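What's in query26.cif: mmCIF, N, CA and C atoms
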```
data_model
#
loop_
_atom_site.label_atom_id
_atom_site.label_comp_id
_atom_site.auth_asym_id
_atom_site.auth_seq_id
_atom_site.Cartn_x
_atom_site.Cartn_y
_atom_site.Cartn_z
N MET A 1 171.66 158.48 -59.25
CA MET A 1 172.56 159.55 -59.55
C MET A 1 173.39 159.17 -60.75
N TYR A 2 172.78 158.92 -61.76
CA TYR A 2 173.60 158.32 -62.78
C TYR A 2 172.96 158.41 -64.14
N VAL A 3 171.93 159.09 -64.18
CA VAL A 3 171.16 159.19 -65.37
C VAL A 3 171.80 159.99 -66.44
N VAL A 4 172.70 160.63 -66.09
CA VAL A 4 173.33 161.49 -67.02
C VAL A 4 173.60 160.80 -68.30
N LEU A 5 173.98 159.62 -68.16
CA LEU A 5 174.21 158.88 -69.38
C LEU A 5 172.93 158.81 -70.13
N LEU A 6 171.93 158.94 -69.42
CA LEU A 6 170.65 158.85 -70.04
C LEU A 6 170.53 159.90 -71.10
N LEU A 7 171.16 160.98 -70.98
CA LEU A 7 171.06 162.00 -72.00
C LEU A 7 172.20 161.92 -72.95
N ALA A 8 173.36 161.92 -72.42
CA ALA A 8 174.52 162.03 -73.25
C ALA A 8 174.84 160.73 -73.92
N CYS A 9 174.92 159.70 -73.17
CA CYS A 9 175.32 158.41 -73.72
C CYS A 9 174.10 157.56 -73.88
N ALA A 10 173.03 158.14 -74.20
CA ALA A 10 171.74 157.50 -74.23
C ALA A 10 171.69 156.18 -74.97
N ALA A 11 172.58 155.94 -75.85
CA ALA A 11 172.48 154.71 -76.61
C ALA A 11 173.60 153.76 -76.28
N LEU A 12 173.81 153.55 -75.05
CA LEU A 12 174.91 152.72 -74.63
C LEU A 12 174.58 151.25 -74.79
N THR A 13 175.59 150.51 -75.19
CA THR A 13 175.43 149.07 -75.30
C THR A 13 176.64 148.41 -74.68
N VAL A 14 176.47 147.18 -74.27
CA VAL A 14 177.57 146.48 -73.63
C VAL A 14 178.32 145.67 -74.69
N ALA A 15 179.65 145.76 -74.65
CA ALA A 15 180.46 145.00 -75.60
C ALA A 15 181.67 144.44 -74.87
N ALA A 16 182.08 143.28 -75.24
CA ALA A 16 183.27 142.68 -74.64
C ALA A 16 184.45 142.96 -75.55
N PRO A 17 185.43 143.76 -75.10
CA PRO A 17 186.55 144.13 -75.95
C PRO A 17 187.44 142.96 -76.35
N GLY A 18 187.51 141.93 -75.56
CA GLY A 18 188.34 140.80 -75.88
C GLY A 18 188.19 139.75 -74.80
N PRO A 19 188.65 138.56 -75.03
CA PRO A 19 188.44 137.50 -74.06
C PRO A 19 189.06 137.78 -72.70
N ALA A 20 190.25 138.41 -72.67
CA ALA A 20 190.90 138.65 -71.38
C ALA A 20 190.64 140.06 -70.87
N ALA A 21 190.09 140.91 -71.70
CA ALA A 21 189.86 142.30 -71.31
C ALA A 21 188.60 142.41 -70.47
N PRO A 22 188.56 143.37 -69.55
CA PRO A 22 187.35 143.56 -68.76
C PRO A 22 186.23 144.10 -69.63
N LYS A 23 185.02 143.83 -69.22
CA LYS A 23 183.86 144.32 -69.94
C LYS A 23 183.86 145.85 -69.89
N GLN A 24 183.63 146.48 -71.00
CA GLN A 24 183.56 147.93 -71.03
C GLN A 24 182.29 148.34 -71.73
N LEU A 25 181.62 149.32 -71.17
CA LEU A 25 180.41 149.84 -71.79
C LEU A 25 180.84 150.77 -72.91
N ASN A 26 180.24 150.62 -74.05
CA ASN A 26 180.54 151.46 -75.19
C ASN A 26 179.28 152.16 -75.64
N SER A 27 179.44 153.32 -76.18
CA SER A 27 178.30 154.08 -76.63
C SER A 27 178.22 154.11 -78.14
N ARG A 28 177.04 153.89 -78.64
CA ARG A 28 176.82 154.05 -80.07
C ARG A 28 176.72 155.53 -80.40
N LEU A 29 176.59 156.33 -79.37
CA LEU A 29 176.40 157.77 -79.60
C LEU A 29 177.50 158.59 -78.93
N ASP A 30 178.72 158.18 -79.11
CA ASP A 30 179.82 158.95 -78.52
C ASP A 30 179.84 160.38 -79.02
N SER A 31 179.23 160.61 -80.16
CA SER A 31 179.22 161.96 -80.73
C SER A 31 178.02 162.79 -80.27
N VAL A 32 177.25 162.27 -79.33
CA VAL A 32 176.08 163.00 -78.83
C VAL A 32 176.53 164.32 -78.21
N ASP A 33 175.83 165.37 -78.52
CA ASP A 33 176.13 166.69 -77.98
C ASP A 33 175.40 166.85 -76.65
N VAL A 34 176.09 166.50 -75.56
CA VAL A 34 175.50 166.55 -74.22
C VAL A 34 175.04 167.96 -73.88
N ASP A 35 175.84 168.94 -74.26
CA ASP A 35 175.48 170.33 -73.96
C ASP A 35 174.15 170.71 -74.60
N LYS A 36 173.92 170.23 -75.81
CA LYS A 36 172.67 170.53 -76.51
C LYS A 36 171.49 169.89 -75.78
N ILE A 37 171.65 168.67 -75.32
CA ILE A 37 170.57 167.99 -74.58
C ILE A 37 170.30 168.71 -73.27
N LEU A 38 171.36 169.06 -72.56
CA LEU A 38 171.19 169.73 -71.26
C LEU A 38 170.59 171.12 -71.41
N ALA A 39 170.76 171.72 -72.57
CA ALA A 39 170.21 173.06 -72.82
C ALA A 39 168.75 173.01 -73.26
N ASN A 40 168.21 171.81 -73.50
CA ASN A 40 166.84 171.68 -73.98
C ASN A 40 166.00 170.94 -72.93
N PRO A 41 165.28 171.67 -72.09
CA PRO A 41 164.51 171.02 -71.02
C PRO A 41 163.51 169.98 -71.53
N ARG A 42 162.95 170.19 -72.70
CA ARG A 42 161.98 169.24 -73.24
C ARG A 42 162.64 167.91 -73.57
N VAL A 43 163.77 167.95 -74.23
CA VAL A 43 164.48 166.73 -74.60
C VAL A 43 164.97 166.02 -73.33
N LEU A 44 165.54 166.77 -72.42
CA LEU A 44 166.01 166.18 -71.17
C LEU A 44 164.86 165.52 -70.42
N SER A 45 163.74 166.20 -70.36
CA SER A 45 162.57 165.66 -69.68
C SER A 45 162.12 164.35 -70.31
N ASN A 46 162.17 164.26 -71.63
CA ASN A 46 161.78 163.02 -72.31
C ASN A 46 162.70 161.87 -71.94
N TYR A 47 163.99 162.13 -71.83
CA TYR A 47 164.92 161.07 -71.40
C TYR A 47 164.64 160.65 -69.97
N VAL A 48 164.40 161.62 -69.11
CA VAL A 48 164.11 161.32 -67.70
C VAL A 48 162.83 160.48 -67.60
N LYS A 49 161.80 160.87 -68.32
CA LYS A 49 160.55 160.10 -68.31
C LYS A 49 160.79 158.68 -68.80
N CYS A 50 161.60 158.53 -69.80
CA CYS A 50 161.92 157.20 -70.33
C CYS A 50 162.59 156.34 -69.27
N VAL A 51 163.67 156.83 -68.71
CA VAL A 51 164.45 155.99 -67.79
C VAL A 51 163.77 155.77 -66.45
N THR A 52 162.77 156.60 -66.14
CA THR A 52 162.03 156.42 -64.89
C THR A 52 160.68 155.74 -65.12
N ASP A 53 160.49 155.19 -66.30
CA ASP A 53 159.28 154.45 -66.64
C ASP A 53 158.01 155.31 -66.59
N LYS A 54 158.13 156.58 -66.92
CA LYS A 54 156.98 157.48 -66.91
C LYS A 54 156.64 158.01 -68.28
N GLY A 55 157.32 157.48 -69.29
CA GLY A 55 157.06 157.93 -70.65
C GLY A 55 157.69 156.99 -71.64
N PRO A 56 157.40 157.20 -72.92
CA PRO A 56 157.95 156.34 -73.96
C PRO A 56 159.45 156.57 -74.13
N CYS A 57 160.09 155.59 -74.73
CA CYS A 57 161.54 155.65 -74.95
C CYS A 57 161.88 155.57 -76.43
N THR A 58 162.90 156.27 -76.79
CA THR A 58 163.50 156.08 -78.10
C THR A 58 164.35 154.82 -78.01
N SER A 59 164.90 154.38 -79.12
CA SER A 59 165.77 153.20 -79.07
C SER A 59 166.99 153.48 -78.20
N GLU A 60 167.49 154.71 -78.24
CA GLU A 60 168.63 155.08 -77.40
C GLU A 60 168.24 155.04 -75.93
N GLY A 61 167.07 155.52 -75.61
CA GLY A 61 166.59 155.49 -74.24
C GLY A 61 166.45 154.06 -73.72
N LYS A 62 165.99 153.16 -74.57
CA LYS A 62 165.86 151.76 -74.18
C LYS A 62 167.23 151.15 -73.88
N ASP A 63 168.20 151.45 -74.72
CA ASP A 63 169.56 150.97 -74.49
C ASP A 63 170.11 151.51 -73.17
N LEU A 64 169.86 152.77 -72.94
CA LEU A 64 170.34 153.40 -71.71
C LEU A 64 169.75 152.74 -70.47
N LYS A 65 168.44 152.48 -70.53
CA LYS A 65 167.78 151.83 -69.39
C LYS A 65 168.39 150.47 -69.08
N LYS A 66 168.86 149.78 -70.10
CA LYS A 66 169.46 148.46 -69.90
C LYS A 66 170.77 148.53 -69.12
N ILE A 67 171.54 149.58 -69.37
CA ILE A 67 172.85 149.64 -68.72
C ILE A 67 172.90 150.52 -67.48
N LEU A 68 171.88 151.32 -67.25
CA LEU A 68 171.90 152.22 -66.09
C LEU A 68 172.16 151.51 -64.76
N PRO A 69 171.55 150.38 -64.50
CA PRO A 69 171.84 149.72 -63.22
C PRO A 69 173.33 149.44 -63.01
N GLU A 70 174.00 148.98 -64.06
CA GLU A 70 175.45 148.74 -63.92
C GLU A 70 176.23 150.04 -63.79
N VAL A 71 175.87 151.02 -64.57
CA VAL A 71 176.56 152.32 -64.51
C VAL A 71 176.46 152.89 -63.10
N ILE A 72 175.29 152.79 -62.51
CA ILE A 72 175.07 153.32 -61.17
C ILE A 72 175.79 152.49 -60.12
N SER A 73 175.68 151.20 -60.22
CA SER A 73 176.27 150.35 -59.18
C SER A 73 177.79 150.35 -59.21
N THR A 74 178.39 150.70 -60.35
CA THR A 74 179.86 150.71 -60.45
C THR A 74 180.44 152.11 -60.55
N ALA A 75 179.62 153.14 -60.46
CA ALA A 75 180.05 154.53 -60.66
C ALA A 75 180.80 154.65 -61.98
N CYS A 76 180.28 154.01 -62.99
CA CYS A 76 180.80 154.10 -64.35
C CYS A 76 182.20 153.49 -64.50
N ALA A 77 182.50 152.51 -63.69
CA ALA A 77 183.83 151.88 -63.73
C ALA A 77 184.14 151.25 -65.08
N ASN A 78 183.14 150.76 -65.78
CA ASN A 78 183.35 150.10 -67.06
C ASN A 78 183.04 151.00 -68.25
N CYS A 79 182.93 152.28 -68.01
CA CYS A 79 182.61 153.23 -69.07
C CYS A 79 183.86 153.62 -69.85
N SER A 80 183.65 153.98 -71.08
CA SER A 80 184.74 154.52 -71.89
C SER A 80 185.09 155.90 -71.36
N PRO A 81 186.26 156.41 -71.68
CA PRO A 81 186.63 157.77 -71.23
C PRO A 81 185.62 158.83 -71.68
N LYS A 82 185.11 158.70 -72.89
CA LYS A 82 184.12 159.66 -73.39
C LYS A 82 182.83 159.59 -72.57
N MET A 83 182.40 158.38 -72.26
CA MET A 83 181.19 158.22 -71.45
C MET A 83 181.39 158.79 -70.06
N ARG A 84 182.56 158.56 -69.47
CA ARG A 84 182.84 159.08 -68.14
C ARG A 84 182.76 160.62 -68.13
N ALA A 85 183.35 161.24 -69.14
CA ALA A 85 183.31 162.70 -69.24
C ALA A 85 181.88 163.20 -69.41
N ASN A 86 181.12 162.54 -70.29
CA ASN A 86 179.73 162.94 -70.51
C ASN A 86 178.89 162.72 -69.25
N LEU A 87 179.14 161.65 -68.55
CA LEU A 87 178.39 161.36 -67.34
C LEU A 87 178.65 162.43 -66.28
N LYS A 88 179.90 162.77 -66.06
CA LYS A 88 180.23 163.80 -65.08
C LYS A 88 179.54 165.11 -65.43
N LYS A 89 179.65 165.51 -66.69
CA LYS A 89 179.05 166.77 -67.13
C LYS A 89 177.54 166.75 -66.91
N THR A 90 176.92 165.64 -67.25
CA THR A 90 175.47 165.53 -67.15
C THR A 90 175.00 165.54 -65.70
N ILE A 91 175.65 164.78 -64.85
CA ILE A 91 175.24 164.74 -63.43
C ILE A 91 175.37 166.11 -62.80
N LEU A 92 176.51 166.74 -63.01
CA LEU A 92 176.72 168.06 -62.41
C LEU A 92 175.69 169.07 -62.92
N ALA A 93 175.41 169.05 -64.20
CA ALA A 93 174.43 169.98 -64.76
C ALA A 93 173.03 169.68 -64.27
N MET A 94 172.67 168.42 -64.21
CA MET A 94 171.33 168.07 -63.74
C MET A 94 171.13 168.46 -62.29
N ARG A 95 172.13 168.21 -61.47
CA ARG A 95 171.99 168.57 -60.06
C ARG A 95 171.82 170.07 -59.89
N GLN A 96 172.46 170.85 -60.75
CA GLN A 96 172.36 172.30 -60.64
C GLN A 96 171.10 172.86 -61.31
N LYS A 97 170.85 172.45 -62.55
CA LYS A 97 169.77 173.05 -63.33
C LYS A 97 168.44 172.30 -63.26
N TYR A 98 168.50 170.99 -63.03
CA TYR A 98 167.30 170.16 -63.07
C TYR A 98 167.25 169.25 -61.84
N PRO A 99 167.22 169.82 -60.66
CA PRO A 99 167.29 168.99 -59.44
C PRO A 99 166.11 168.03 -59.30
N ASN A 100 164.93 168.42 -59.71
CA ASN A 100 163.77 167.52 -59.61
C ASN A 100 163.92 166.31 -60.51
N GLU A 101 164.41 166.53 -61.72
CA GLU A 101 164.61 165.43 -62.65
C GLU A 101 165.72 164.50 -62.13
N TRP A 102 166.77 165.10 -61.59
CA TRP A 102 167.86 164.31 -61.05
C TRP A 102 167.37 163.44 -59.89
N THR A 103 166.56 164.02 -59.02
CA THR A 103 166.01 163.28 -57.89
C THR A 103 165.16 162.12 -58.37
N ALA A 104 164.39 162.34 -59.43
CA ALA A 104 163.55 161.25 -59.97
C ALA A 104 164.41 160.09 -60.45
N VAL A 105 165.51 160.39 -61.07
CA VAL A 105 166.41 159.34 -61.56
C VAL A 105 167.04 158.60 -60.39
N VAL A 106 167.51 159.35 -59.43
CA VAL A 106 168.14 158.73 -58.25
C VAL A 106 167.14 157.87 -57.50
N ASN A 107 165.93 158.37 -57.35
CA ASN A 107 164.90 157.60 -56.65
C ASN A 107 164.60 156.28 -57.36
N LYS A 108 164.71 156.28 -58.67
CA LYS A 108 164.44 155.07 -59.45
C LYS A 108 165.60 154.07 -59.35
N TYR A 109 166.83 154.55 -59.48
CA TYR A 109 167.97 153.65 -59.61
C TYR A 109 168.83 153.48 -58.36
N ASP A 110 168.64 154.32 -57.38
CA ASP A 110 169.39 154.17 -56.12
C ASP A 110 168.56 154.73 -54.97
N PRO A 111 167.37 154.17 -54.75
CA PRO A 111 166.45 154.74 -53.77
C PRO A 111 167.01 154.77 -52.34
N LYS A 112 167.88 153.84 -52.02
CA LYS A 112 168.46 153.82 -50.66
C LYS A 112 169.78 154.56 -50.60
N ARG A 113 170.18 155.14 -51.72
CA ARG A 113 171.42 155.92 -51.82
C ARG A 113 172.66 155.10 -51.43
N THR A 114 172.63 153.82 -51.77
CA THR A 114 173.75 152.95 -51.43
C THR A 114 174.99 153.22 -52.28
N HIS A 115 174.82 153.86 -53.41
CA HIS A 115 175.96 154.12 -54.30
C HIS A 115 176.36 155.60 -54.33
N SER A 116 175.78 156.40 -53.47
CA SER A 116 176.03 157.84 -53.54
C SER A 116 177.48 158.22 -53.22
N LYS A 117 178.11 157.53 -52.29
CA LYS A 117 179.51 157.84 -51.96
C LYS A 117 180.43 157.53 -53.13
N ASP A 118 180.21 156.41 -53.77
CA ASP A 118 181.03 156.05 -54.93
C ASP A 118 180.82 157.04 -56.07
N LEU A 119 179.60 157.47 -56.24
CA LEU A 119 179.31 158.44 -57.28
C LEU A 119 180.01 159.77 -57.00
N GLU A 120 179.96 160.20 -55.76
CA GLU A 120 180.62 161.46 -55.40
C GLU A 120 182.13 161.36 -55.64
N ALA A 121 182.72 160.22 -55.30
CA ALA A 121 184.14 160.02 -55.54
C ALA A 121 184.44 160.07 -57.04
N PHE A 122 183.57 159.46 -57.83
CA PHE A 122 183.73 159.49 -59.29
C PHE A 122 183.67 160.93 -59.80
N LEU A 123 182.73 161.72 -59.28
CA LEU A 123 182.59 163.10 -59.74
C LEU A 123 183.81 163.95 -59.40
N LYS A 124 184.48 163.60 -58.33
CA LYS A 124 185.67 164.36 -57.90
C LYS A 124 186.95 163.86 -58.56
N SER A 125 186.88 162.70 -59.21
CA SER A 125 188.09 162.15 -59.84
C SER A 125 188.44 162.84 -61.14
#
```

Produce C-alpha cells that represent the structure in this file.
Amino acid sequence: MYVVLLLACAALTVAAPGPAAPKQLNSRLDSVDVDKILANPRVLSNYVKCVTDKGPCTSEGKDLKKILPEVISTACANCSPKMRANLKKTILAMRQKYPNEWTAVVNKYDPKRTHSKDLEAFLKS
C-alpha cells in the first residue's frame, strides 16, 4: 500500500541531512505532476509493472523500487512533506480508480498486510 510514490515520487533517493539529523527520504522529482500520472493509465501501469517486477523500469522507477520497502514499513515516516502529500494523493487515487494495480503493489510489498494499520493512520493524518 505504498506504491504511490512509485508514480509521484518515482525518483526517490536516500540522503542523510546531517550527522545528528534523522535519515530523510528525498525526491529528485519533487516537481513531478502526480495528477498527470494518475490521469494516464498507461504511464501508471508502467510504474506498477516496474515496481512489481513485471516490466522494465526507468531510472526513476529503479530508484523508487529501492526505497519502497522502507516507505511501506515506516508509513513514509522519513519522507519529506512533499513526498508525504504526493503519497497520500496517489494511494487514495489508486485505491479508487486503479484497485487492481493497487492490489498488485500491496501484494508485492506487504503481502501479509502487516503495515496496513500504520498506512491507514498515515492516510488519516

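Here the PyMOL selection byres ((chain A and resi 44-58) around 8) catches exactly these residues: A:Val3, A:Leu6, A:Leu7, A:Lys36, A:Ile37, A:Leu38, A:Ala39, A:Asn40, A:Pro41, A:Arg42, A:Val43, A:Ser59, A:Glu60, A:Gly61, A:Lys62, A:Asp63, A:Leu64, A:Lys65, A:Lys66, A:Glu101, A:Trp102, A:Ala104, A:Val105, A:Asn107, A:Lys108, A:Tyr109.
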
**OP:** To one decimal in Å, tell me the separation between CA of Ser73 (chain A) and CA of Lys117 (chain A).
**Re:**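 Atom-to-atom, CA of Ser73 (chain A) to CA of Lys117 (chain A), that is 10.9 Å.
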
**OP:** Find the distance between CA of Ala77 (chain A) and atom C of Lys97 (chain A) and write it in Å to one decimal.
**Re:**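 Taking CA of Ala77 (chain A) and atom C of Lys97 (chain A), their separation equals 25.6 Å.
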
**OP:** List the residues selected by the PyMOL selection byres ((chain A and resi 72) around 8) in the file shown, writing them as a PyMOL selection string.
**Re:** chain A and resi 1-3+67-71+73-77+109-110+114-116+118-119

**OP:** For atom N of Lys89 (chain A) and CA of Val34 (chain A), determine how far apart the two atoms are, in Å to one decimal place.
**Re:**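 The value is 8.7 Å.
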
With all atoms of region 58-71 of chain A from the file as input, state the centre and edge lengths in Å to one decimal of the axis-aligned box that has 8 Å extra on each side, as AutoDock Vina command-line options.
```
--center_x 169.7 --center_y 152.4 --center_z -71.1 --size_x 29.7 --size_y 23.8 --size_z 32.1
```
